[in-house]
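Colleague: mmCIF, C-alpha atoms, file target_28.cif:
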data_final
loop_
_atom_site.group_PDB
_atom_site.id
_atom_site.type_symbol
_atom_site.label_atom_id
_atom_site.label_comp_id
_atom_site.auth_asym_id
_atom_site.auth_seq_id
_atom_site.Cartn_x
_atom_site.Cartn_y
_atom_site.Cartn_z
ATOM 1 C CA MET A 26 -50.195 -23.294 100.591
ATOM 2 C CA GLU A 27 -53.327 -22.365 98.893
ATOM 3 C CA THR A 28 -52.990 -21.792 95.102
ATOM 4 C CA GLN A 29 -54.868 -19.008 93.535
ATOM 5 C CA SER A 30 -56.102 -19.550 89.959
ATOM 6 C CA ILE A 31 -56.368 -16.678 87.610
ATOM 7 C CA GLU A 32 -59.271 -17.005 85.283
ATOM 8 C CA ALA A 33 -58.862 -15.505 81.823
ATOM 9 C CA PRO A 34 -61.806 -13.939 80.127
ATOM 10 C CA ALA A 35 -63.863 -16.407 78.223
ATOM 11 C CA GLY A 36 -63.951 -14.268 75.140
ATOM 12 C CA ASP A 37 -60.208 -14.006 75.047
ATOM 13 C CA ILE A 38 -59.656 -17.788 75.166
ATOM 14 C CA GLU A 39 -62.211 -18.479 72.475
ATOM 15 C CA SER A 40 -60.663 -15.876 70.161
ATOM 16 C CA ARG A 41 -57.236 -17.387 70.597
ATOM 17 C CA LEU A 42 -58.475 -20.900 69.856
ATOM 18 C CA SER A 43 -60.298 -19.754 66.762
ATOM 19 C CA ASN A 44 -57.217 -17.896 65.561
ATOM 20 C CA ALA A 45 -55.062 -20.989 66.078
ATOM 21 C CA VAL A 46 -57.464 -23.436 64.399
ATOM 22 C CA PHE A 47 -59.439 -21.534 61.831
ATOM 23 C CA GLY A 48 -57.726 -18.131 61.542
ATOM 24 C CA THR A 49 -59.467 -14.825 61.522
ATOM 25 C CA GLU A 50 -60.995 -12.963 58.670
ATOM 26 C CA GLU A 51 -58.353 -10.258 59.041
ATOM 27 C CA ALA A 52 -55.531 -12.786 58.518
ATOM 28 C CA GLU A 53 -57.284 -14.172 55.457
ATOM 29 C CA GLN A 54 -57.637 -10.694 54.104
ATOM 30 C CA THR A 55 -53.932 -9.971 54.526
ATOM 31 C CA GLU A 56 -52.908 -13.185 52.729
ATOM 32 C CA GLU A 57 -55.093 -12.511 49.677
ATOM 33 C CA PRO A 58 -53.324 -10.407 47.024
ATOM 34 C CA GLU A 59 -54.756 -7.038 46.358
ATOM 35 C CA ASP A 60 -56.406 -6.426 43.047
ATOM 36 C CA LEU A 61 -54.203 -4.136 40.923
ATOM 37 C CA THR A 62 -55.169 -1.935 38.049
ATOM 38 C CA PRO A 63 -53.659 -2.672 34.583
ATOM 39 C CA GLU A 64 -51.422 0.398 34.814
ATOM 40 C CA GLU A 65 -50.019 -0.748 38.207
ATOM 41 C CA GLU A 66 -49.392 -4.251 36.793
ATOM 42 C CA ARG A 67 -47.429 -2.806 33.845
ATOM 43 C CA THR A 68 -45.392 -0.623 36.204
ATOM 44 C CA GLU A 69 -44.438 -3.607 38.358
ATOM 45 C CA GLU A 70 -43.511 -5.659 35.267
ATOM 46 C CA ASP A 71 -41.296 -2.846 33.981
ATOM 47 C CA GLU A 72 -39.593 -2.552 37.339
ATOM 48 C CA SER A 73 -38.992 -6.316 37.471
ATOM 49 C CA GLU A 74 -37.483 -6.297 33.962
ATOM 50 C CA GLU A 75 -35.024 -3.493 34.701
ATOM 51 C CA PRO A 76 -31.549 -4.991 35.276
ATOM 52 C CA ASP A 77 -29.492 -4.078 38.254
ATOM 53 C CA GLU A 78 -26.714 -1.534 37.907
ATOM 54 C CA GLY A 79 -24.118 -4.222 38.518
ATOM 55 C CA GLU A 80 -25.481 -6.401 35.684
ATOM 56 C CA SER A 81 -25.508 -3.488 33.190
ATOM 57 C CA GLU A 82 -21.928 -2.597 34.069
ATOM 58 C CA GLU A 83 -20.854 -6.190 33.482
ATOM 59 C CA GLU A 84 -22.540 -6.222 30.057
ATOM 60 C CA GLU A 85 -20.926 -2.921 29.050
ATOM 61 C CA SER A 86 -17.442 -4.131 30.021
ATOM 62 C CA THR A 87 -17.405 -7.034 27.531
ATOM 63 C CA ASP A 88 -14.228 -7.518 25.457
ATOM 64 C CA SER A 89 -14.269 -7.710 21.670
ATOM 65 C CA VAL A 90 -11.804 -8.894 19.052
ATOM 66 C CA GLU A 91 -11.508 -8.004 15.367
ATOM 67 C CA VAL A 92 -11.701 -10.846 12.862
ATOM 68 C CA ASP A 93 -11.572 -10.105 9.124
ATOM 69 C CA GLY A 94 -12.519 -6.489 9.770
ATOM 70 C CA LYS A 95 -15.501 -7.354 11.993
ATOM 71 C CA LEU A 96 -15.750 -6.856 15.758
ATOM 72 C CA ILE A 97 -16.857 -9.959 17.655
ATOM 73 C CA ASP A 98 -17.925 -9.617 21.294
ATOM 74 C CA LEU A 99 -16.607 -12.224 23.704
ATOM 75 C CA PRO A 100 -18.866 -13.601 26.430
ATOM 76 C CA PRO A 101 -19.041 -11.405 29.540
ATOM 77 C CA GLY A 102 -16.586 -12.342 32.225
ATOM 78 C CA THR A 103 -14.047 -13.892 29.844
ATOM 79 C CA PRO A 104 -10.679 -14.067 31.652
ATOM 80 C CA ALA A 105 -7.987 -11.689 30.471
ATOM 81 C CA GLU A 106 -5.661 -14.603 29.694
ATOM 82 C CA VAL A 107 -8.220 -16.098 27.309
ATOM 83 C CA VAL A 108 -8.724 -12.717 25.616
ATOM 84 C CA GLU A 109 -4.963 -12.376 25.100
ATOM 85 C CA GLN A 110 -4.737 -15.902 23.693
ATOM 86 C CA VAL A 111 -7.587 -15.215 21.247
ATOM 87 C CA GLN A 112 -5.970 -11.969 20.148
ATOM 88 C CA ALA A 113 -2.604 -13.724 19.705
ATOM 89 C CA VAL A 114 -4.180 -16.461 17.555
ATOM 90 C CA ILE A 115 -5.961 -13.877 15.391
ATOM 91 C CA ALA A 116 -2.766 -11.818 15.020
ATOM 92 C CA ALA A 117 -0.800 -14.936 14.007
ATOM 93 C CA LYS A 118 -3.492 -15.810 11.453
ATOM 94 C CA GLU A 119 -3.454 -12.316 9.959
ATOM 95 C CA GLN A 120 0.345 -12.331 9.797
ATOM 96 C CA ALA A 121 0.313 -15.708 8.035
ATOM 97 C CA MET A 122 -2.259 -14.404 5.541
ATOM 98 C CA ARG A 123 -0.137 -11.312 4.835
ATOM 99 C CA ALA A 124 2.968 -13.467 4.375
ATOM 100 C CA ASP A 125 1.068 -15.768 2.018
ATOM 101 C CA TYR A 126 -0.235 -12.793 0.041
ATOM 102 C CA THR A 127 3.279 -11.325 -0.187
ATOM 103 C CA ARG A 128 4.690 -14.669 -1.319
ATOM 104 C CA LYS A 129 2.025 -15.118 -3.985
ATOM 105 C CA THR A 130 2.482 -11.545 -5.166
ATOM 106 C CA GLN A 131 6.229 -12.070 -5.456
ATOM 107 C CA GLU A 132 5.725 -15.345 -7.320
ATOM 108 C CA ALA A 133 3.345 -13.629 -9.740
ATOM 109 C CA ALA A 134 5.882 -10.834 -10.272
ATOM 110 C CA ASP A 135 8.664 -13.383 -10.922
ATOM 111 C CA MET A 136 6.484 -15.272 -13.389
ATOM 112 C CA ARG A 137 5.605 -12.042 -15.177
ATOM 113 C CA LYS A 138 9.263 -11.054 -15.315
ATOM 114 C CA PHE A 139 10.220 -14.488 -16.662
ATOM 115 C CA ALA A 140 7.487 -14.302 -19.299
ATOM 116 C CA GLU A 141 8.644 -10.826 -20.355
ATOM 117 C CA THR A 142 12.233 -12.048 -20.596
ATOM 118 C CA GLN A 143 11.182 -15.029 -22.701
ATOM 119 C CA TYR A 144 9.115 -12.778 -24.937
ATOM 120 C CA GLN A 145 12.081 -10.483 -25.462
ATOM 121 C CA GLU A 146 14.268 -13.464 -26.345
ATOM 122 C CA VAL A 147 11.675 -14.701 -28.837
ATOM 123 C CA GLN A 148 11.493 -11.236 -30.367
ATOM 124 C CA LYS A 149 15.264 -11.113 -30.751
ATOM 125 C CA ILE A 150 15.312 -14.541 -32.408
ATOM 126 C CA ALA A 151 12.485 -13.518 -34.738
ATOM 127 C CA GLN A 152 14.349 -10.362 -35.716
ATOM 128 C CA PHE A 153 17.531 -12.344 -36.309
ATOM 129 C CA ASN A 154 15.701 -14.913 -38.430
ATOM 130 C CA GLN A 155 14.127 -12.161 -40.480
ATOM 131 C CA ALA A 156 17.534 -10.582 -41.078
ATOM 132 C CA HIS A 157 19.093 -13.929 -42.126
ATOM 133 C CA ILE A 158 16.102 -15.479 -43.851
ATOM 134 C CA SER A 159 18.024 -16.448 -47.003
ATOM 135 C CA LYS A 160 20.714 -18.303 -45.075
ATOM 136 C CA LEU A 161 18.112 -20.080 -43.000
ATOM 137 C CA ALA A 162 16.294 -21.199 -46.154
ATOM 138 C CA GLN A 163 19.553 -22.589 -47.549
ATOM 139 C CA LEU A 164 20.195 -24.383 -44.250
ATOM 140 C CA HIS A 165 16.759 -25.994 -44.306
ATOM 141 C CA SER A 166 17.340 -27.166 -47.882
ATOM 142 C CA LEU A 167 20.673 -28.795 -46.952
ATOM 143 C CA GLN A 168 19.114 -30.456 -43.902
ATOM 144 C CA ALA A 169 16.298 -31.849 -46.082
ATOM 145 C CA GLN A 170 18.829 -33.338 -48.555
ATOM 146 C CA LEU A 171 20.833 -34.847 -45.717
ATOM 147 C CA GLN A 172 17.692 -36.361 -44.202
ATOM 148 C CA GLN A 173 17.099 -38.388 -47.375
ATOM 149 C CA TYR A 174 20.073 -40.594 -46.518
ATOM 150 C CA ASP A 175 18.514 -41.726 -43.234
ATOM 151 C CA GLY A 176 16.621 -44.576 -44.926
ATOM 152 C CA VAL A 177 19.480 -45.873 -47.065
ATOM 153 C CA ASP A 178 20.728 -49.459 -46.484
ATOM 154 C CA TRP A 179 24.419 -48.736 -46.778
ATOM 155 C CA ASN A 180 25.519 -52.389 -46.443
ATOM 156 C CA SER A 181 23.245 -53.540 -49.254
ATOM 157 C CA LEU A 182 24.316 -50.597 -51.406
ATOM 158 C CA ALA A 183 27.987 -51.390 -50.861
ATOM 159 C CA ASP A 184 27.464 -55.039 -51.869
ATOM 160 C CA ASN A 185 25.320 -54.370 -54.923
ATOM 161 C CA ASP A 186 26.807 -51.102 -56.233
ATOM 162 C CA PRO A 187 30.157 -50.147 -54.699
ATOM 163 C CA VAL A 188 30.579 -47.113 -57.008
ATOM 164 C CA SER A 189 27.192 -45.675 -56.031
ATOM 165 C CA PHE A 190 28.022 -46.429 -52.418
ATOM 166 C CA MET A 191 31.223 -44.352 -52.563
ATOM 167 C CA LYS A 192 29.435 -41.539 -54.423
ATOM 168 C CA HIS A 193 26.589 -41.170 -51.904
ATOM 169 C CA GLN A 194 28.969 -41.514 -48.980
ATOM 170 C CA HIS A 195 30.946 -38.571 -50.358
ATOM 171 C CA GLN A 196 27.803 -36.503 -50.956
ATOM 172 C CA ARG A 197 26.506 -37.173 -47.445
ATOM 173 C CA THR A 198 29.822 -36.113 -45.960
ATOM 174 C CA GLU A 199 29.773 -32.874 -47.938
ATOM 175 C CA LEU A 200 26.197 -32.154 -46.849
ATOM 176 C CA ARG A 201 27.105 -32.720 -43.208
ATOM 177 C CA GLU A 202 30.041 -30.342 -43.452
ATOM 178 C CA ALA A 203 27.919 -27.722 -45.220
ATOM 179 C CA VAL A 204 25.149 -27.940 -42.598
ATOM 180 C CA SER A 205 27.681 -27.758 -39.770
ATOM 181 C CA GLN A 206 29.440 -24.734 -41.272
ATOM 182 C CA MET A 207 26.201 -22.890 -41.864
ATOM 183 C CA GLN A 208 24.920 -23.643 -38.346
ATOM 184 C CA ASN A 209 28.180 -22.435 -36.823
ATOM 185 C CA GLY A 210 28.071 -19.322 -38.978
ATOM 186 C CA LEU A 211 24.511 -18.463 -37.968
ATOM 187 C CA SER A 212 25.280 -19.164 -34.305
ATOM 188 C CA GLY A 213 28.275 -16.857 -34.492
ATOM 189 C CA GLU A 214 26.169 -14.165 -36.134
ATOM 190 C CA PHE A 215 23.549 -14.451 -33.404
ATOM 191 C CA THR A 216 26.196 -14.220 -30.655
ATOM 192 C CA LYS A 217 27.752 -11.238 -32.397
ATOM 193 C CA THR A 218 24.354 -9.550 -32.625
ATOM 194 C CA GLN A 219 23.689 -10.069 -28.914
ATOM 195 C CA GLU A 220 27.126 -8.751 -27.988
ATOM 196 C CA SER A 221 26.567 -5.711 -30.169
ATOM 197 C CA GLU A 222 23.206 -5.040 -28.492
ATOM 198 C CA ARG A 223 24.772 -5.326 -25.024
ATOM 199 C CA GLN A 224 27.540 -2.962 -25.994
ATOM 200 C CA ARG A 225 25.082 -0.479 -27.454
ATOM 201 C CA ALA A 226 22.927 -0.679 -24.291
ATOM 202 C CA ALA A 227 26.017 -0.046 -22.137
ATOM 203 C CA GLU A 228 26.912 2.995 -24.240
ATOM 204 C CA VAL A 229 23.390 4.371 -23.931
ATOM 205 C CA TYR A 230 23.464 3.786 -20.156
ATOM 206 C CA ASP A 231 26.803 5.558 -19.771
ATOM 207 C CA PHE A 232 25.585 8.462 -21.886
ATOM 208 C CA THR A 233 22.432 8.772 -19.770
ATOM 209 C CA VAL A 234 24.322 8.668 -16.468
ATOM 210 C CA ASN A 235 26.928 11.174 -17.606
ATOM 211 C CA THR A 236 24.231 13.519 -18.897
ATOM 212 C CA LEU A 237 22.327 13.363 -15.609
ATOM 213 C CA ARG A 238 25.502 13.937 -13.592
ATOM 214 C CA ASP A 239 26.185 17.015 -15.695
ATOM 215 C CA LYS A 240 22.649 18.436 -15.532
ATOM 216 C CA ILE A 241 21.479 17.401 -12.038
ATOM 217 C CA PRO A 242 23.541 18.514 -9.013
ATOM 218 C CA ASN A 243 24.765 15.710 -6.722
ATOM 219 C CA TYR A 244 23.278 13.024 -8.947
ATOM 220 C CA GLY A 245 23.587 9.545 -7.470
ATOM 221 C CA PRO A 246 21.572 6.588 -6.177
ATOM 222 C CA GLU A 247 19.658 8.782 -3.692
ATOM 223 C CA VAL A 248 18.651 11.281 -6.375
ATOM 224 C CA ASP A 249 17.796 8.393 -8.702
ATOM 225 C CA GLN A 250 15.433 6.925 -6.083
ATOM 226 C CA LYS A 251 13.966 10.374 -5.537
ATOM 227 C CA LEU A 252 13.122 10.614 -9.233
ATOM 228 C CA VAL A 253 11.514 7.168 -9.173
ATOM 229 C CA ASN A 254 9.398 8.219 -6.174
ATOM 230 C CA ALA A 255 8.336 11.342 -8.051
ATOM 231 C CA ALA A 256 7.158 9.193 -10.951
ATOM 232 C CA VAL A 257 5.229 6.898 -8.592
ATOM 233 C CA GLU A 258 3.596 9.863 -6.849
ATOM 234 C CA MET A 259 2.593 11.407 -10.175
ATOM 235 C CA GLY A 260 1.164 8.070 -11.282
ATOM 236 C CA ASN A 261 -0.874 7.779 -8.085
ATOM 237 C CA ARG A 262 -2.200 11.277 -8.641
ATOM 238 C CA TYR A 263 -3.588 10.314 -12.047
ATOM 239 C CA GLY A 264 -4.608 6.788 -11.055
ATOM 240 C CA LEU A 265 -1.828 5.083 -13.052
ATOM 241 C CA LYS A 266 0.413 2.311 -11.779
ATOM 242 C CA VAL A 267 4.121 2.819 -12.434
ATOM 243 C CA ASN A 268 6.247 -0.256 -13.136
ATOM 244 C CA VAL A 269 9.436 0.682 -11.294
ATOM 245 C CA GLU A 270 11.456 -2.098 -12.915
ATOM 246 C CA ASN A 271 10.544 -1.013 -16.430
ATOM 247 C CA LEU A 272 11.134 2.618 -15.520
ATOM 248 C CA SER A 273 14.613 1.831 -14.178
ATOM 249 C CA SER A 274 15.502 0.076 -17.423
ATOM 250 C CA MET A 275 14.765 3.207 -19.483
ATOM 251 C CA HIS A 276 18.006 4.945 -20.441
ATOM 252 C CA ASP A 277 16.651 8.042 -22.132
ATOM 253 C CA PRO A 278 18.099 11.123 -20.368
ATOM 254 C CA LEU A 279 15.081 13.246 -21.318
ATOM 255 C CA ILE A 280 12.805 10.985 -19.240
ATOM 256 C CA TRP A 281 14.927 11.411 -16.122
ATOM 257 C CA LEU A 282 15.419 15.143 -16.646
ATOM 258 C CA GLY A 283 11.654 15.470 -16.919
ATOM 259 C CA LEU A 284 11.232 13.524 -13.677
ATOM 260 C CA HIS A 285 13.784 15.868 -12.087
ATOM 261 C CA GLU A 286 11.592 18.831 -12.973
ATOM 262 C CA VAL A 287 8.541 16.997 -11.624
ATOM 263 C CA ALA A 288 10.348 16.282 -8.337
ATOM 264 C CA ARG A 289 11.334 19.948 -7.981
ATOM 265 C CA LEU A 290 7.761 21.038 -8.636
ATOM 266 C CA GLN A 291 6.474 18.577 -6.046
ATOM 267 C CA GLU A 292 8.925 19.966 -3.482
ATOM 268 C CA LEU A 293 7.831 23.527 -4.186
ATOM 269 C CA VAL A 294 4.162 22.588 -3.870
ATOM 270 C CA ALA A 295 4.799 20.757 -0.582
ATOM 271 C CA LYS A 296 6.855 23.666 0.760
ATOM 272 C CA GLY A 297 4.192 26.197 -0.219
ATOM 273 C CA ALA A 298 1.527 24.163 1.540
ATOM 274 C CA LYS A 299 3.502 24.158 4.793
ATOM 275 C CA GLU A 300 4.668 27.760 4.784
ATOM 276 C CA LYS A 301 2.050 30.484 4.709
ATOM 277 C CA SER A 302 3.148 33.660 3.035
ATOM 278 C CA VAL A 303 3.032 36.725 5.342
ATOM 279 C CA PRO A 304 2.113 40.007 3.551
ATOM 280 C CA HIS A 305 4.707 42.760 3.996
ATOM 281 C CA LYS A 306 3.790 46.215 5.262
ATOM 282 C CA ALA A 307 3.588 48.791 2.555
ATOM 283 C CA GLN A 308 6.331 51.352 3.211
ATOM 284 C CA LYS A 309 5.675 54.996 2.603
ATOM 285 C CA PHE A 310 7.830 56.434 -0.128
ATOM 286 C CA VAL A 311 8.764 60.138 -0.049
ATOM 287 C CA GLN A 312 10.538 61.649 -2.984
ATOM 288 C CA PRO A 313 13.652 63.710 -2.189
ATOM 289 C CA GLY A 314 13.071 67.472 -1.975
ATOM 290 C CA ILE A 315 9.363 67.135 -1.374
ATOM 291 C CA ARG A 316 8.078 67.819 2.144
ATOM 292 C CA THR A 317 5.051 66.139 3.487
ATOM 293 C CA ASN A 318 2.163 67.940 5.203
ATOM 294 C CA LYS A 319 2.847 66.158 8.499
ATOM 295 C CA THR A 320 5.165 67.907 10.961
ATOM 296 C CA THR A 321 7.568 65.797 12.950
ATOM 297 C CA GLU A 322 7.954 66.193 16.718
ATOM 298 C CA SER A 323 11.420 67.792 16.424
ATOM 299 C CA GLU A 324 10.194 70.310 13.854
ATOM 300 C CA ARG A 325 7.261 71.243 16.039
ATOM 301 C CA ARG A 326 9.532 71.864 19.052
ATOM 302 C CA ALA A 327 11.934 74.017 17.024
ATOM 303 C CA ARG A 328 9.069 76.107 15.714
ATOM 304 C CA ASP A 329 7.618 76.666 19.189
ATOM 305 C CA ASN A 330 11.052 77.606 20.525
ATOM 306 C CA LEU A 331 11.546 80.130 17.737
ATOM 307 C CA GLN A 332 8.155 81.711 18.382
ATOM 308 C CA TYR A 333 8.965 81.987 22.086
ATOM 309 C CA ARG A 334 12.300 83.705 21.449
ATOM 310 C CA GLN A 335 10.702 86.140 19.023
ATOM 311 C CA GLY A 336 8.088 87.002 21.583
ATOM 312 C CA CYS A 337 10.771 87.700 24.193
ATOM 313 C CA GLY A 338 12.861 89.762 21.777
ATOM 314 C CA LEU A 339 15.751 87.307 21.882
ATOM 315 C CA ALA A 340 15.717 86.278 18.252
ATOM 316 C CA HIS A 341 18.045 88.194 15.895
#
Kindly return the structure encoded in the file as structure tokens.
Modeller:
Amino acid sequence: METQSIEAPAGDIESRLSNAVFGTEEAEQTEEPEDLTPEEERTEEDESEEPDEGESEEEESTDSVEVDGKLIDLPPGTPAEVVEQVQAVIAAKEQAMRADYTRKTQEAADMRKFAETQYQEVQKIAQFNQAHISKLAQLHSLQAQLQQYDGVDWNSLADNDPVSFMKHQHQRTELREAVSQMQNGLSGEFTKTQESERQRAAEVYDFTVNTLRDKIPNYGPEVDQKLVNAAVEMGNRYGLKVNVENLSSMHDPLIWLGLHEVARLQELVAKGAKEKSVPHKAQKFVQPGIRTNKTTESERRARDNLQYRQGCGLAH
């Protein structure tokens, strides 16, 4: 068979070869970046810096925890389990700090109470010593005389001067008995004074309670706590701290009756703040025997009926 060859145009082959080896000017022009104006460059930079919507949503959905009153943001994408663990650790720390603060506050209150008790005891002893100052001076004098025998060599004294030995032995025995008697007497007086003070305090307490039961209806522990709360609220109002323990130890009925009046006033103020008074309608007052200018509906009908009957000749 005879083969027929198809000849391509010479120009077409040369253009293809040049495109494959060297490339055309049009291709080079397409590969070169176009010159942009400064405004177009800034626009493209702004567009490239804008985050995607998905990224902004992830940043907005970050979790935060509160530490010492400050919010701290956790890294984005923190697992929920880790967030819960962090919150649990912070809550445990805050609870431990509150417990430690409560413990230290209680310890400080106990120390203050102990110091006040010791001060009261010292005051009582000082008052007792002042009341028995003459006996105490006599006791100190006897103790000083007895102390002089501490340095005596009793064996040597007995060998050298038996009479003096017997004399000083007798004197020392008398001094010991005198000191012991005076100490026992003062101790008994102090115990008697304390017992008398406790009895007097019990009488004052009973008098106060009986007075409050007589003057305040349904007086009891609940009312007593209510009066204490009234004192605390009044103190807070004026910026004063009320020592509840010291207040409870006061057995003056006038103090508690005054707090009762304060509590009643506080209740009235609170009740008036909740309930708004509604003004009543002013009622019209008509004195007996005096007719008003306004005619009622029944009177108007009776008058019209009478006029109608008179016009018809039916009225007598």
Colleague: Name the residues in contact with Gln172 (chain A) at a cut-off of 10 Å, using only C-alpha atoms, excluding same-chain residues fewer than 6 positions from it; report them as a PyMOL selection string.
Modeller: chain A and resi 166+197+200
Colleague: Write the residues of the preceding selection, restricted to C-alpha atoms, as a PDB file, in the frame of the given file.
Modeller:
ATOM      1  CA  SER A 166      17.340 -27.166 -47.882  1.00  0.00           C
ATOM      2  CA  ARG A 197      26.506 -37.173 -47.445  1.00  0.00           C
ATOM      3  CA  LEU A 200      26.197 -32.154 -46.849  1.00  0.00           C
TER       4      LEU A 200
END
Colleague: I need the output of the PyMOL selection byres ((chain A and resi 108) around 12) for this file as JSON, numbers by chain; which residues are they?
Modeller: {"A": [87, 88, 89, 90, 91, 97, 98, 99, 100, 101, 102, 103, 104, 105, 106, 107, 109, 110, 111, 112, 113, 114, 115]}
Colleague: Have a look at CA of Tyr126 (chain A) and CA of Asn271 (chain A) and let me know their distance in Å, one decimal.
Modeller: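 Separation of CA of Tyr126 (chain A) and CA of Asn271 (chain A): 22.9 Å.
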Colleague: Would you kindly return, as a list in words, each protein, DNA or RNA residue with an atom no farther than 9 Å from any atom of region 206-209 of chain A, considering all atoms listed in the file and excluding same-chain residues fewer than 6 positions away?
Modeller: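 The residues satisfying every condition are Lys160, Leu161, Gln163 and Leu164 of chain A.
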Colleague: Would you mind telling me which residue in A:Leu211, A:Ser205, A:Ala133, A:Lys192 lies nearest to His157 (chain A) when using all atoms listed in the file?
Modeller: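 When distances to His157 (chain A) are compared using all atoms listed in the file, the smallest one comes from A:Leu211.
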Colleague: In terms of the shortest atom-to-atom distance over all atoms listed in the file, which of A:Asn243, A:Thr233, A:Thr218, A:Gln148 is closest to Ser273 (chain A)?
Modeller: A:Thr233
Colleague: Take the point (23.4, 12.9, -18.4) as written in the file and pick out every residue within 12 Å of it, counting all atoms listed in the file; give the list as a list of chain:residue names.
Modeller: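 It turns out the residues near that spot are A:Val229, A:Tyr230, A:Asp231, A:Phe232, A:Thr233, A:Val234, A:Asn235, A:Thr236, A:Leu237, A:Arg238, A:Asp239, A:Lys240, A:Ile241, A:Pro242, A:Tyr244, A:Gly245, A:His276, A:Asp277, A:Pro278, A:Leu279, A:Ile280, A:Trp281, A:Leu282, A:His285.
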